[in-house]
file structure24.txt (compact mmCIF, C-alpha atoms)
# COMPACT_ATOMS: atom_id res chain seq x y z
CA MET A 16 92.08 93.87 49.44
CA LEU A 17 95.91 93.71 49.56
CA LYS A 18 96.02 97.49 49.69
CA LYS A 19 93.73 97.54 52.77
CA ILE A 20 95.87 94.90 54.52
CA LEU A 21 99.03 96.91 53.83
CA ILE A 22 97.38 100.08 55.14
CA VAL A 23 96.32 98.29 58.37
CA ILE A 24 99.80 96.79 58.83
CA GLY A 25 101.42 100.18 58.14
CA GLY A 26 99.07 101.83 60.65
CA LEU A 27 99.91 99.27 63.34
CA ILE A 28 103.63 99.73 62.76
CA ALA A 29 103.21 103.50 62.98
CA ILE A 30 101.30 103.18 66.26
CA ILE A 31 103.99 100.90 67.73
CA LEU A 32 106.67 103.40 66.73
CA ILE A 33 104.80 106.47 68.00
CA ILE A 34 103.39 105.31 71.37
CA PRO A 35 106.77 105.36 73.22
CA VAL A 36 106.94 109.13 72.63
CA PHE A 37 104.11 109.44 75.16
CA LEU A 38 105.51 106.95 77.72
CA SER A 39 107.92 107.80 80.52
CA ASP A 40 111.62 107.43 79.78
CA SER A 41 112.34 106.43 83.39
CA TYR A 42 110.96 104.16 86.09
CA THR A 43 110.83 104.09 89.89
CA VAL A 44 109.71 101.18 92.03
CA SER A 45 109.46 101.58 95.80
CA ARG A 46 108.17 99.53 98.72
CA LYS A 47 108.14 100.09 102.50
CA VAL A 48 108.03 97.78 105.48
CA GLU A 49 108.30 98.34 109.22
CA ILE A 50 110.83 96.21 111.07
CA ALA A 51 110.59 95.88 114.86
CA LYS A 52 114.29 96.51 115.43
CA PRO A 53 116.41 99.67 115.68
CA ASP A 54 117.91 101.13 112.52
CA SER A 55 121.39 100.04 113.65
CA VAL A 56 120.36 96.36 113.53
CA VAL A 57 118.79 96.67 110.07
CA PHE A 58 121.76 98.68 108.79
CA GLN A 59 124.16 96.00 110.00
CA ILE A 60 122.44 93.54 107.63
CA LEU A 61 122.03 95.94 104.70
CA GLY A 62 125.59 97.22 104.94
CA ASP A 63 127.19 93.82 104.40
CA PHE A 64 126.66 92.03 101.08
CA ASN A 65 127.58 88.79 102.86
CA GLU A 66 124.10 89.05 104.40
CA PHE A 67 122.33 89.82 101.10
CA PRO A 68 121.89 86.19 99.97
CA LYS A 69 119.94 85.55 103.19
CA TRP A 70 117.19 88.01 102.27
CA SER A 71 117.52 88.53 98.52
CA PRO A 72 114.28 87.61 96.75
CA TRP A 73 116.21 86.55 93.64
CA ASN A 74 118.75 84.02 94.93
CA GLU A 75 116.05 81.44 95.63
CA MET A 76 114.65 81.88 92.09
CA ASP A 77 117.85 80.60 90.44
CA SER A 78 119.55 77.49 91.81
CA THR A 79 122.54 78.14 89.49
CA ILE A 80 123.30 81.59 90.88
CA THR A 81 126.83 82.26 92.07
CA PHE A 82 128.06 85.49 93.56
CA THR A 83 131.24 87.17 94.69
CA ILE A 84 131.62 89.88 97.31
CA SER A 85 134.53 92.27 97.64
CA GLY A 86 135.38 95.46 99.44
CA THR A 87 134.70 96.55 102.98
CA PRO A 88 131.15 96.26 104.34
CA ASP A 89 129.43 99.56 105.20
CA SER A 90 131.82 101.37 102.86
CA ILE A 91 131.70 102.98 99.44
CA GLY A 92 132.95 100.45 96.88
CA HIS A 93 131.59 97.34 98.63
CA LEU A 94 130.67 95.12 95.67
CA TYR A 95 128.30 92.21 95.00
CA THR A 96 128.38 90.49 91.61
CA TRP A 97 126.12 87.65 90.51
CA SER A 98 125.78 85.19 87.66
CA GLY A 99 123.05 82.63 87.03
CA GLN A 100 121.17 80.98 84.19
CA LYS A 101 117.85 82.61 85.11
CA MET A 102 119.04 85.80 86.83
CA GLY A 103 121.76 86.62 84.30
CA GLU A 104 124.82 88.65 85.26
CA GLY A 105 125.16 91.91 87.09
CA SER A 106 126.52 93.83 90.03
CA MET A 107 125.66 96.20 92.86
CA GLN A 108 128.26 98.53 94.32
CA PHE A 109 127.88 100.94 97.24
CA LEU A 110 127.95 104.54 96.00
CA ASP A 111 126.86 106.33 99.17
CA VAL A 112 126.67 105.11 102.77
CA ILE A 113 125.24 107.07 105.69
CA PRO A 114 125.33 104.74 108.71
CA ASN A 115 121.90 103.76 110.02
CA LYS A 116 120.19 105.96 107.42
CA VAL A 117 120.84 105.20 103.73
CA ILE A 118 122.78 103.04 101.31
CA LYS A 119 122.77 103.83 97.60
CA THR A 120 124.11 101.33 95.09
CA ASP A 121 124.97 101.43 91.45
CA LEU A 122 122.98 98.59 89.91
CA ILE A 123 124.32 97.15 86.65
CA PHE A 124 122.70 94.41 84.59
CA ILE A 125 125.09 92.83 82.10
CA SER A 126 122.88 90.05 80.74
CA PRO A 127 120.40 89.00 79.53
CA ASN A 128 119.13 92.59 79.25
CA PRO A 129 121.85 95.20 79.75
CA GLY A 130 120.81 98.14 81.88
CA LYS A 131 121.67 100.37 84.78
CA GLY A 132 119.78 101.67 87.78
CA LEU A 133 120.11 103.32 91.15
CA ASN A 134 119.15 101.21 94.16
CA GLU A 135 118.41 102.95 97.48
CA TRP A 136 117.83 101.46 100.93
CA LEU A 137 116.47 104.08 103.32
CA LEU A 138 116.05 103.60 107.09
CA GLU A 139 113.85 105.83 109.22
CA PRO A 140 113.24 105.35 112.96
CA THR A 141 109.62 104.72 113.98
CA ALA A 142 107.92 104.32 117.35
CA ASN A 143 108.11 100.52 116.92
CA GLY A 144 111.47 100.13 115.20
CA THR A 145 112.55 101.10 111.69
CA GLN A 146 110.80 101.80 108.43
CA PHE A 147 112.80 100.29 105.56
CA THR A 148 112.14 101.78 102.12
CA TRP A 149 113.57 100.02 99.09
CA THR A 150 113.61 102.04 95.88
CA VAL A 151 115.12 101.39 92.47
CA SER A 152 115.02 103.83 89.57
CA GLY A 153 116.52 104.04 86.13
CA GLU A 154 116.29 105.24 82.57
CA LEU A 155 114.52 103.38 79.78
CA GLY A 156 115.41 103.18 76.10
CA TYR A 157 112.85 104.14 73.50
CA PHE A 158 111.17 100.73 73.16
CA GLY A 159 112.04 99.88 76.80
CA ARG A 160 109.36 102.40 77.74
CA TYR A 161 106.80 99.66 77.07
CA PHE A 162 108.62 97.55 79.68
CA GLY A 163 108.41 100.49 82.09
CA LEU A 164 104.63 100.05 82.20
CA MET A 165 105.14 96.71 84.00
CA MET A 166 108.12 97.50 86.25
CA ASP A 167 106.14 98.26 89.40
CA SER A 168 104.00 95.14 89.23
CA MET A 169 106.97 92.89 88.44
CA LEU A 170 109.65 94.28 90.76
CA GLY A 171 107.22 95.30 93.50
CA LYS A 172 106.38 91.67 94.28
CA ASP A 173 110.07 90.80 94.52
CA PHE A 174 110.74 93.78 96.80
CA GLU A 175 107.89 92.78 99.10
CA HIS A 176 109.18 89.20 99.28
CA GLY A 177 112.72 90.38 100.03
CA GLN A 178 111.47 92.81 102.66
CA LYS A 179 109.56 90.02 104.41
CA LYS A 180 112.73 87.94 104.49
CA LEU A 181 114.77 90.90 105.76
CA LYS A 182 112.17 91.58 108.46
CA VAL A 183 112.36 87.97 109.71
CA LEU A 184 116.17 88.05 109.61
CA ALA A 185 116.48 91.37 111.43
CA GLU A 186 113.84 90.59 114.04
CA SER A 187 115.58 87.30 114.85
CA LYS A 188 118.73 89.19 115.92
call {"tool": "encode", "arguments": {"input": "structure24.txt", "output": "structure tokens"}}
result
Amino acid sequence: MLKKILIVIGGLIAIILIIPVFLSDSYTVSRKVEIAKPDSVVFQILGDFNEFPKWSPWNEMDSTITFTISGTPDSIGHLYTWSGQKMGEGSMQFLDVIPNKVIKTDLIFISPNPGKGLNEWLLEPTANGTQFTWTVSGELGYFGRYFGLMMDSMLGKDFEHGQKKLKVLAESK
């Protein structure tokens, strides 16, 4: 009986160790929303981290969150750092800025789960305003690949909430 139990436990451990080989080592989460304002209005908000707390889906989830902003808005190097009990610590820094079109940021999570990603905000003119696409992508460690299975469902909801807030903010200008 003990031998059978050990074989089952050994088999389960082997399965847990082998499954990540077949899972993706990266993730991408993306959501789109149309905003009834020109790309220049939306870019003005996105390009300034002083505006980010107004539409961030995460600031309202952590009443202890504090943040600092440095650098010049709309410019490479513009930096937003945060710290909070629930949201942990991290930063976003502008890596690439094309006015009224795209902002790419280096996304760094320090705690509670260290990690790195690429955040992209893309603006495309539409007949009724601007389509805003928010995408984040990154690499996953071996056992983090399990976490990758849930990234879209977890982050997607936050993106949608933030996009709704951004839409209201932009359309009020």
call {"tool": "atom_distance", "arguments": {"input": "structure24.txt", "atom1": "CA of Ile125 in chain A", "atom2": "CA of Trp97 in chain A"}}
result
9.9 Å
call {"tool": "atom_distance", "arguments": {"input": "structure24.txt", "atom1": "CA of Val56 in chain A", "atom2": "CA of Gly132 in chain A"}}
result
26.3 Å
call {"tool": "residues_near_point", "arguments": {"input": "structure24.txt", "point": "(121.6, 101.1, 98.5)", "cutoff": "8 Å", "atoms": "all atoms listed in the file", "output": "PyMOL selection string"}}
result
chain A and resi 109-112+117-121+133-137
call {"tool": "atom_distance", "arguments": {"input": "structure24.txt", "atom1": "CA of Gly159 in chain A", "atom2": "CA of Gly171 in chain A"}}
result
18.0 Å
call {"tool": "residues_near_point", "arguments": {"input": "structure24.txt", "point": "(125.5, 93.7, 89.5)", "cutoff": "12 Å", "atoms": "all atoms listed in the file", "output": "ChimeraX atom specification"}}
result
/A:64,81-84,93-99,102-109,120-126,129-134
